[in-house]
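*Asks:* Mind looking over this structure? Questions follow.
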Amino acid sequence: MQKEDLDFFKKWFLDYVDQFSSPEVFIQENVKLKIEHTARVCENILLLAKAENVEEKDYRLAEAIALFHDLGRFEQFTKYRTFKDSESEDHALLGVKILENTGILSILSPKEKDIILKAVEYHNRMEIPECTETTTEFLFYLKLIRDADKLDILKLVSEDCEKEEELRNPVLEFNIPDTPGCSENIVEDILNNRMSKLADAKNRNDIKLLRLSWIFDISFPAAFSLLRERGYLEIILYSMPETEEMQMVREHIESYLNAVETRAEIKL
């Protein structure tokens, strides 16, 4: 991918999302939220790619994936007024459809186009799919976007934890009630190093724990380092109720992170 291709994509993206500007505050705030999220995911993916010492052309491909990863969110939210895929439609598949229908990627080689489309399609999957067309190169980019995306969502969640109730964005918590306790299934997932399912989330505490469980799907050492530096996990963890169960969760996550850091040091 050439620099002028990426510049073209950036201009196209801004023109595309501009059509979703709305006089309705609720819509406009969340469209703006996703525009800003996209910009930060682009920054994150470049930081991760730099840590992996990729070539310049690979930086551009990574940034293009980040630019387009949530393209379907704008139509989704405007139409359904939610970011919950199960109550609307899969935003990743919607993004792929938009990219294909507009033909915006036609200026690229078939290989680059295929990597972008598949990375967008799979970036939000519970697990990285096992498919025959998967290559080492594609998996690298897919893991990059999944890590970069999770980093920024954890940032948004941590910031929301520190806001007064009336200033919090209910959309980020899928309008789930703020009731006591938490799901045993989600706690069990974390204690067994598994990502949790949204279907098991019954309240805000569960949503926070679900986001925390994403650490078990983080791939790159640089992503763990950024999580540590930025303090997102600590903010979310210590916004949870002071219970024996939550203490177990905190200790387990801390132990997991320490083990990851130890393995990274050994490799170095």
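Letters for chains follow the order of the structure tokens (A, B, ...), residue numbers begin at 1 for each chain, and ligand numbers begin at 1 in the order shown.
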Write out as a list in words the residues lying within 12 Å of Leu156 (chain A), counting only C-alpha atoms and excluding same-chain residues fewer than 6 positions away.

*Replies:* Leu33, Lys34, Glu36, His37, Arg40, Val41, Asp149, Lys150, Glu162, Lys163, Arg168, Asn169, Val171, Leu172, Glu173, Lys208, Arg211, Arg230, Tyr232, Leu233, Ile235 and Ile236 of chain A

*Asks:* For Glu245 (chain A), please output as number ranges by chain all residues within 10 Å (counting only C-alpha atoms; exclusion window: fewer than 2 positions along the same chain).

*Replies:* A: 181-182, 184, 187, 241-243, 247-250

*Asks:* Quick one: contact table of region 200-249 of chain A to region 116-135 of chain A, 12 Å max, nearest atom pair and distance in Å to one decimal per residue, counting only C-alpha atoms, chain and number order, as JSON lines?

*Replies:*
```
{"residue": "A:Leu210", "atom": "CA", "partner": "A:Met126", "partner_atom": "CA", "distance": 11.6}
{"residue": "A:Ser213", "atom": "CA", "partner": "A:Met126", "partner_atom": "CA", "distance": 11.3}
{"residue": "A:Trp214", "atom": "CA", "partner": "A:Met126", "partner_atom": "CA", "distance": 9.6}
{"residue": "A:Phe216", "atom": "CA", "partner": "A:Glu127", "partner_atom": "CA", "distance": 10.8}
{"residue": "A:Asp217", "atom": "CA", "partner": "A:Glu127", "partner_atom": "CA", "distance": 8.1}
{"residue": "A:Ile218", "atom": "CA", "partner": "A:Glu127", "partner_atom": "CA", "distance": 11.3}
{"residue": "A:Ser219", "atom": "CA", "partner": "A:Ile128", "partner_atom": "CA", "distance": 11.3}
```

*Asks:* Considering only C-alpha atoms, return as a ChimeraX atom specification whatever protein or nucleic-acid residues lie within 6 Å of His91 (chain A), sequence-local ones (same chain, fewer than 2 positions apart) excluded.

*Replies:* /A:72-73,89,93-94

*Asks:* Please write the residues from the selection above to a file, keeping N, CA and C atoms, as a short mmCIF file (atom, residue, chain, number, x, y, z; two decimals), in the first residue's frame.

*Replies:*
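Dumped to result_28.cif:
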```cif
data_model
loop_
_atom_site.label_atom_id
_atom_site.label_comp_id
_atom_site.auth_asym_id
_atom_site.auth_seq_id
_atom_site.Cartn_x
_atom_site.Cartn_y
_atom_site.Cartn_z
N GLY A 72 -18.92 -0.16 10.22
CA GLY A 72 -20.34 -0.49 10.32
C GLY A 72 -21.04 0.12 11.52
N ARG A 73 -20.27 0.62 12.49
CA ARG A 73 -20.88 1.17 13.71
C ARG A 73 -21.76 2.38 13.43
N GLU A 89 -27.41 -5.68 14.27
CA GLU A 89 -26.73 -6.59 13.35
C GLU A 89 -25.24 -6.52 13.60
N LEU A 93 -19.64 -7.40 10.02
CA LEU A 93 -20.16 -7.82 8.72
C LEU A 93 -20.78 -6.65 7.96
N LEU A 94 -21.40 -5.75 8.71
CA LEU A 94 -21.96 -4.54 8.08
C LEU A 94 -20.84 -3.69 7.49
#
```

*Asks:* For Phe26 (chain A), list every protein, DNA or RNA residue within 12 Å, evaluated using only C-alpha atoms, and leave out those in the same chain fewer than 5 positions away; present the list as a PyMOL selection string.

*Replies:* chain A and resi 21+31-33+77-78+81-82+169-171

*Asks:* Suppose we keep N, CA and C atoms; can you now write the selection as a compact mmCIF listing (two decimals), in the first residue's frame?

*Replies:*
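result-v4.txt was written with the following content:
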```txt
# COMPACT_ATOMS: atom_id res chain seq x y z
N SER A 21 -23.75 12.74 10.81
CA SER A 21 -23.93 13.86 11.74
C SER A 21 -25.42 14.11 11.93
N VAL A 31 -21.91 8.99 17.55
CA VAL A 31 -21.17 9.02 16.28
C VAL A 31 -19.78 9.60 16.53
N LYS A 32 -19.74 10.69 17.30
CA LYS A 32 -18.46 11.32 17.66
C LYS A 32 -17.60 10.36 18.47
N LEU A 33 -18.23 9.62 19.37
CA LEU A 33 -17.52 8.63 20.18
C LEU A 33 -16.78 7.63 19.29
N PHE A 77 -25.58 2.36 14.59
CA PHE A 77 -26.12 3.17 15.68
C PHE A 77 -27.22 4.11 15.20
N THR A 78 -27.03 4.67 14.01
CA THR A 78 -28.05 5.58 13.48
C THR A 78 -29.37 4.85 13.25
N ARG A 81 -29.86 2.57 17.15
CA ARG A 81 -29.62 3.30 18.38
C ARG A 81 -28.97 2.43 19.47
N THR A 82 -28.16 1.49 19.05
CA THR A 82 -27.42 0.64 19.97
C THR A 82 -26.15 0.15 19.29
N ASN A 169 -22.02 7.08 29.99
CA ASN A 169 -22.70 6.77 28.73
C ASN A 169 -23.32 5.37 28.85
N PRO A 170 -24.65 5.28 28.98
CA PRO A 170 -25.30 3.98 29.14
C PRO A 170 -25.10 3.05 27.95
N VAL A 171 -24.81 3.64 26.79
CA VAL A 171 -24.61 2.84 25.58
C VAL A 171 -23.41 1.92 25.74
```

*Asks:* Would you pick out the contacts of region 174-177 of chain A at 10 Å or less, using only C-alpha atoms, so that residues sharing its chain but fewer than 4 positions from it are not included, and give the list as a list of chain:residue names?

*Replies:*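 These residues fall inside the cut-off: A:Thr82, A:Phe83, A:Lys84, A:Glu87, A:Asn169, A:Pro170, A:Leu198, A:Ala201, A:Lys202, A:Asn203, A:Arg204, A:Asn205, A:Asp206, A:Ile207.
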
*Asks:* Emit the selected residues as a PDB file, in the first residue's frame, including N, CA, C and O atoms.

*Replies:*
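That gives us again_36.pdb:
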```
ATOM      1  N   THR A  82     -28.164   1.494  19.050  1.00  0.00           N
ATOM      2  CA  THR A  82     -27.419   0.645  19.973  1.00  0.00           C
ATOM      3  C   THR A  82     -26.149   0.152  19.291  1.00  0.00           C
ATOM      4  O   THR A  82     -26.090   0.066  18.060  1.00  0.00           O
ATOM      5  N   PHE A  83     -25.140  -0.179  20.120  1.00  0.00           N
ATOM      6  CA  PHE A  83     -23.931  -0.823  19.619  1.00  0.00           C
ATOM      7  C   PHE A  83     -23.958  -2.325  19.925  1.00  0.00           C
ATOM      8  O   PHE A  83     -22.961  -3.016  19.719  1.00  0.00           O
ATOM      9  N   LYS A  84     -25.069  -2.812  20.426  1.00  0.00           N
ATOM     10  CA  LYS A  84     -25.183  -4.231  20.765  1.00  0.00           C
ATOM     11  C   LYS A  84     -25.559  -5.018  19.521  1.00  0.00           C
ATOM     12  O   LYS A  84     -26.686  -4.918  19.023  1.00  0.00           O
ATOM     13  N   GLU A  87     -28.783  -7.104  19.238  1.00  0.00           N
ATOM     14  CA  GLU A  87     -30.056  -6.393  19.159  1.00  0.00           C
ATOM     15  C   GLU A  87     -30.165  -5.571  17.877  1.00  0.00           C
ATOM     16  O   GLU A  87     -31.121  -4.821  17.699  1.00  0.00           O
ATOM     17  N   ASN A 169     -22.023   7.085  29.990  1.00  0.00           N
ATOM     18  CA  ASN A 169     -22.698   6.766  28.734  1.00  0.00           C
ATOM     19  C   ASN A 169     -23.317   5.373  28.847  1.00  0.00           C
ATOM     20  O   ASN A 169     -22.606   4.372  28.800  1.00  0.00           O
ATOM     21  N   PRO A 170     -24.649   5.282  28.977  1.00  0.00           N
ATOM     22  CA  PRO A 170     -25.296   3.978  29.145  1.00  0.00           C
ATOM     23  C   PRO A 170     -25.100   3.052  27.946  1.00  0.00           C
ATOM     24  O   PRO A 170     -25.199   1.832  28.078  1.00  0.00           O
ATOM     25  N   LEU A 198     -21.126 -12.077  26.443  1.00  0.00           N
ATOM     26  CA  LEU A 198     -22.065 -11.001  26.753  1.00  0.00           C
ATOM     27  C   LEU A 198     -23.401 -11.560  27.231  1.00  0.00           C
ATOM     28  O   LEU A 198     -24.076 -10.945  28.060  1.00  0.00           O
ATOM     29  N   ALA A 201     -23.842 -11.583  30.939  1.00  0.00           N
ATOM     30  CA  ALA A 201     -23.801 -10.312  31.675  1.00  0.00           C
ATOM     31  C   ALA A 201     -25.205  -9.854  32.040  1.00  0.00           C
ATOM     32  O   ALA A 201     -26.049  -9.669  31.164  1.00  0.00           O
ATOM     33  N   LYS A 202     -25.428  -9.680  33.340  1.00  0.00           N
ATOM     34  CA  LYS A 202     -26.750  -9.276  33.825  1.00  0.00           C
ATOM     35  C   LYS A 202     -26.777  -7.860  34.385  1.00  0.00           C
ATOM     36  O   LYS A 202     -27.847  -7.289  34.571  1.00  0.00           O
ATOM     37  N   ASN A 203     -25.605  -7.311  34.707  1.00  0.00           N
ATOM     38  CA  ASN A 203     -25.569  -5.960  35.259  1.00  0.00           C
ATOM     39  C   ASN A 203     -24.243  -5.274  34.899  1.00  0.00           C
ATOM     40  O   ASN A 203     -23.409  -5.851  34.193  1.00  0.00           O
ATOM     41  N   ARG A 204     -24.057  -4.056  35.399  1.00  0.00           N
ATOM     42  CA  ARG A 204     -22.858  -3.287  35.048  1.00  0.00           C
ATOM     43  C   ARG A 204     -21.578  -3.947  35.550  1.00  0.00           C
ATOM     44  O   ARG A 204     -20.544  -3.880  34.883  1.00  0.00           O
ATOM     45  N   ASN A 205     -21.644  -4.539  36.726  1.00  0.00           N
ATOM     46  CA  ASN A 205     -20.461  -5.240  37.233  1.00  0.00           C
ATOM     47  C   ASN A 205     -20.027  -6.331  36.259  1.00  0.00           C
ATOM     48  O   ASN A 205     -18.829  -6.522  36.014  1.00  0.00           O
ATOM     49  N   ASP A 206     -20.998  -7.044  35.710  1.00  0.00           N
ATOM     50  CA  ASP A 206     -20.687  -8.107  34.757  1.00  0.00           C
ATOM     51  C   ASP A 206     -20.037  -7.553  33.489  1.00  0.00           C
ATOM     52  O   ASP A 206     -19.114  -8.164  32.936  1.00  0.00           O
ATOM     53  N   ILE A 207     -20.516  -6.395  33.030  1.00  0.00           N
ATOM     54  CA  ILE A 207     -19.931  -5.784  31.830  1.00  0.00           C
ATOM     55  C   ILE A 207     -18.473  -5.407  32.088  1.00  0.00           C
ATOM     56  O   ILE A 207     -17.595  -5.633  31.242  1.00  0.00           O
TER      57      ILE A 207
END
```

*Asks:* Just give me the gap between CA of Asn44 (chain A) and CA of Ser158 (chain A) in Å, one decimal is fine.

*Replies:*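 Computing it gives 16.6 Å between the two atoms.
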
*Asks:* Any chance you could list, as number ranges by chain, the residues in region 133-260 of chain A that come up alpha helix (DSSP H) when DSSP is run on the backbone?

*Replies:* A: 136-161, 184-191, 204-212, 221-230, 232-237, 244-260

*Asks:* Could you name the residues that touch Ser109 (chain A) at 12 Å or less, counting only C-alpha atoms, but leaving out those on the same chain fewer than 5 positions away, as a PyMOL selection string?

*Replies:* chain A and resi 1-2+5+61+114-116

*Asks:* Write the selection just made, keeping all heavy atoms, as a CSV table (one decimal), in the first residue's frame?

*Replies:*
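Contents of selection.csv, freshly written:
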```csv
chain,number,residue,atom,x,y,z
A,1,MET,N,0.8,-1.2,0.0
A,1,MET,CA,0.0,0.0,0.0
A,1,MET,C,0.9,1.2,0.0
A,1,MET,O,1.8,1.4,0.8
A,1,MET,CB,-0.9,0.0,1.2
A,1,MET,CG,-1.9,1.2,1.3
A,1,MET,SD,-2.9,1.3,2.8
A,1,MET,CE,-3.7,-0.3,2.7
A,2,GLN,N,0.5,2.2,-0.8
A,2,GLN,CA,1.3,3.4,-1.0
A,2,GLN,C,0.7,4.5,0.0
A,2,GLN,O,-0.4,4.4,0.5
A,2,GLN,CB,1.2,4.0,-2.4
A,2,GLN,CG,1.8,3.0,-3.4
A,2,GLN,CD,3.2,2.7,-3.2
A,2,GLN,OE1,4.0,3.5,-2.9
A,2,GLN,NE2,3.5,1.4,-3.3
A,5,ASP,N,-2.5,6.0,-1.1
A,5,ASP,CA,-3.7,5.2,-0.9
A,5,ASP,C,-4.2,5.4,0.5
A,5,ASP,O,-5.5,5.5,0.7
A,5,ASP,CB,-3.3,3.7,-1.0
A,5,ASP,CG,-2.8,3.3,-2.4
A,5,ASP,OD1,-3.2,4.0,-3.4
A,5,ASP,OD2,-2.0,2.4,-2.6
A,61,LEU,N,-0.8,-0.6,6.0
A,61,LEU,CA,-1.9,-1.6,5.9
A,61,LEU,C,-2.5,-1.8,7.3
A,61,LEU,O,-3.8,-1.9,7.4
A,61,LEU,CB,-1.3,-3.0,5.4
A,61,LEU,CG,-2.3,-4.1,5.3
A,61,LEU,CD1,-3.5,-3.7,4.3
A,61,LEU,CD2,-1.6,-5.4,4.7
A,114,ASP,N,-8.0,-8.4,0.5
A,114,ASP,CA,-8.5,-9.5,1.3
A,114,ASP,C,-8.1,-9.5,2.7
A,114,ASP,O,-9.0,-9.8,3.6
A,114,ASP,CB,-7.9,-10.8,0.6
A,114,ASP,CG,-8.5,-12.1,1.2
A,114,ASP,OD1,-9.8,-12.2,1.1
A,114,ASP,OD2,-7.8,-12.9,1.7
A,115,ILE,N,-6.9,-9.0,3.0
A,115,ILE,CA,-6.5,-8.9,4.4
A,115,ILE,C,-7.4,-7.9,5.2
A,115,ILE,O,-7.8,-8.2,6.3
A,115,ILE,CB,-5.0,-8.5,4.5
A,115,ILE,CG1,-4.1,-9.7,4.1
A,115,ILE,CG2,-4.6,-8.1,5.9
A,115,ILE,CD1,-2.6,-9.4,4.1
A,116,ILE,N,-7.6,-6.8,4.6
A,116,ILE,CA,-8.4,-5.8,5.2
A,116,ILE,C,-9.8,-6.3,5.5
A,116,ILE,O,-10.4,-6.2,6.6
A,116,ILE,CB,-8.5,-4.5,4.4
A,116,ILE,CG1,-7.1,-3.8,4.4
A,116,ILE,CG2,-9.5,-3.5,4.9
A,116,ILE,CD1,-7.0,-2.6,3.5
```

*Asks:* Would you mind listing what lies within 8 Å of Lys50 (chain A) as a list in words, with only C-alpha atoms counted and same-chain residues fewer than 4 positions away left out?

*Replies:*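 So, after excluding close chain neighbours, the residues are Leu46, Val54 and Tyr59 of chain A.
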
*Asks:* The selected residues should be written to file as a compact mmCIF listing (two decimals), in the first residue's frame (atoms: N, CA, C and O atoms).

*Replies:*
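Result file selection-v7.txt:
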```
# COMPACT_ATOMS: atom_id res chain seq x y z
N LEU A 46 -0.51 1.44 15.44
CA LEU A 46 0.82 1.86 15.00
C LEU A 46 1.85 1.64 16.11
O LEU A 46 2.99 1.26 15.83
N VAL A 54 7.75 -3.75 12.16
CA VAL A 54 7.27 -4.03 10.81
C VAL A 54 7.82 -3.00 9.82
O VAL A 54 8.31 -1.93 10.20
N TYR A 59 2.97 -0.82 8.11
CA TYR A 59 2.34 0.18 8.97
C TYR A 59 1.07 0.71 8.30
O TYR A 59 0.03 0.86 8.93
```

*Asks:* Quick one: distance from CA of Leu144 (chain A) to CA of Ile45 (chain A) in Å, one decimal?

*Replies:*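 Answer for the CA of Leu144 (chain A) to CA of Ile45 (chain A) separation: 6.2 Å.
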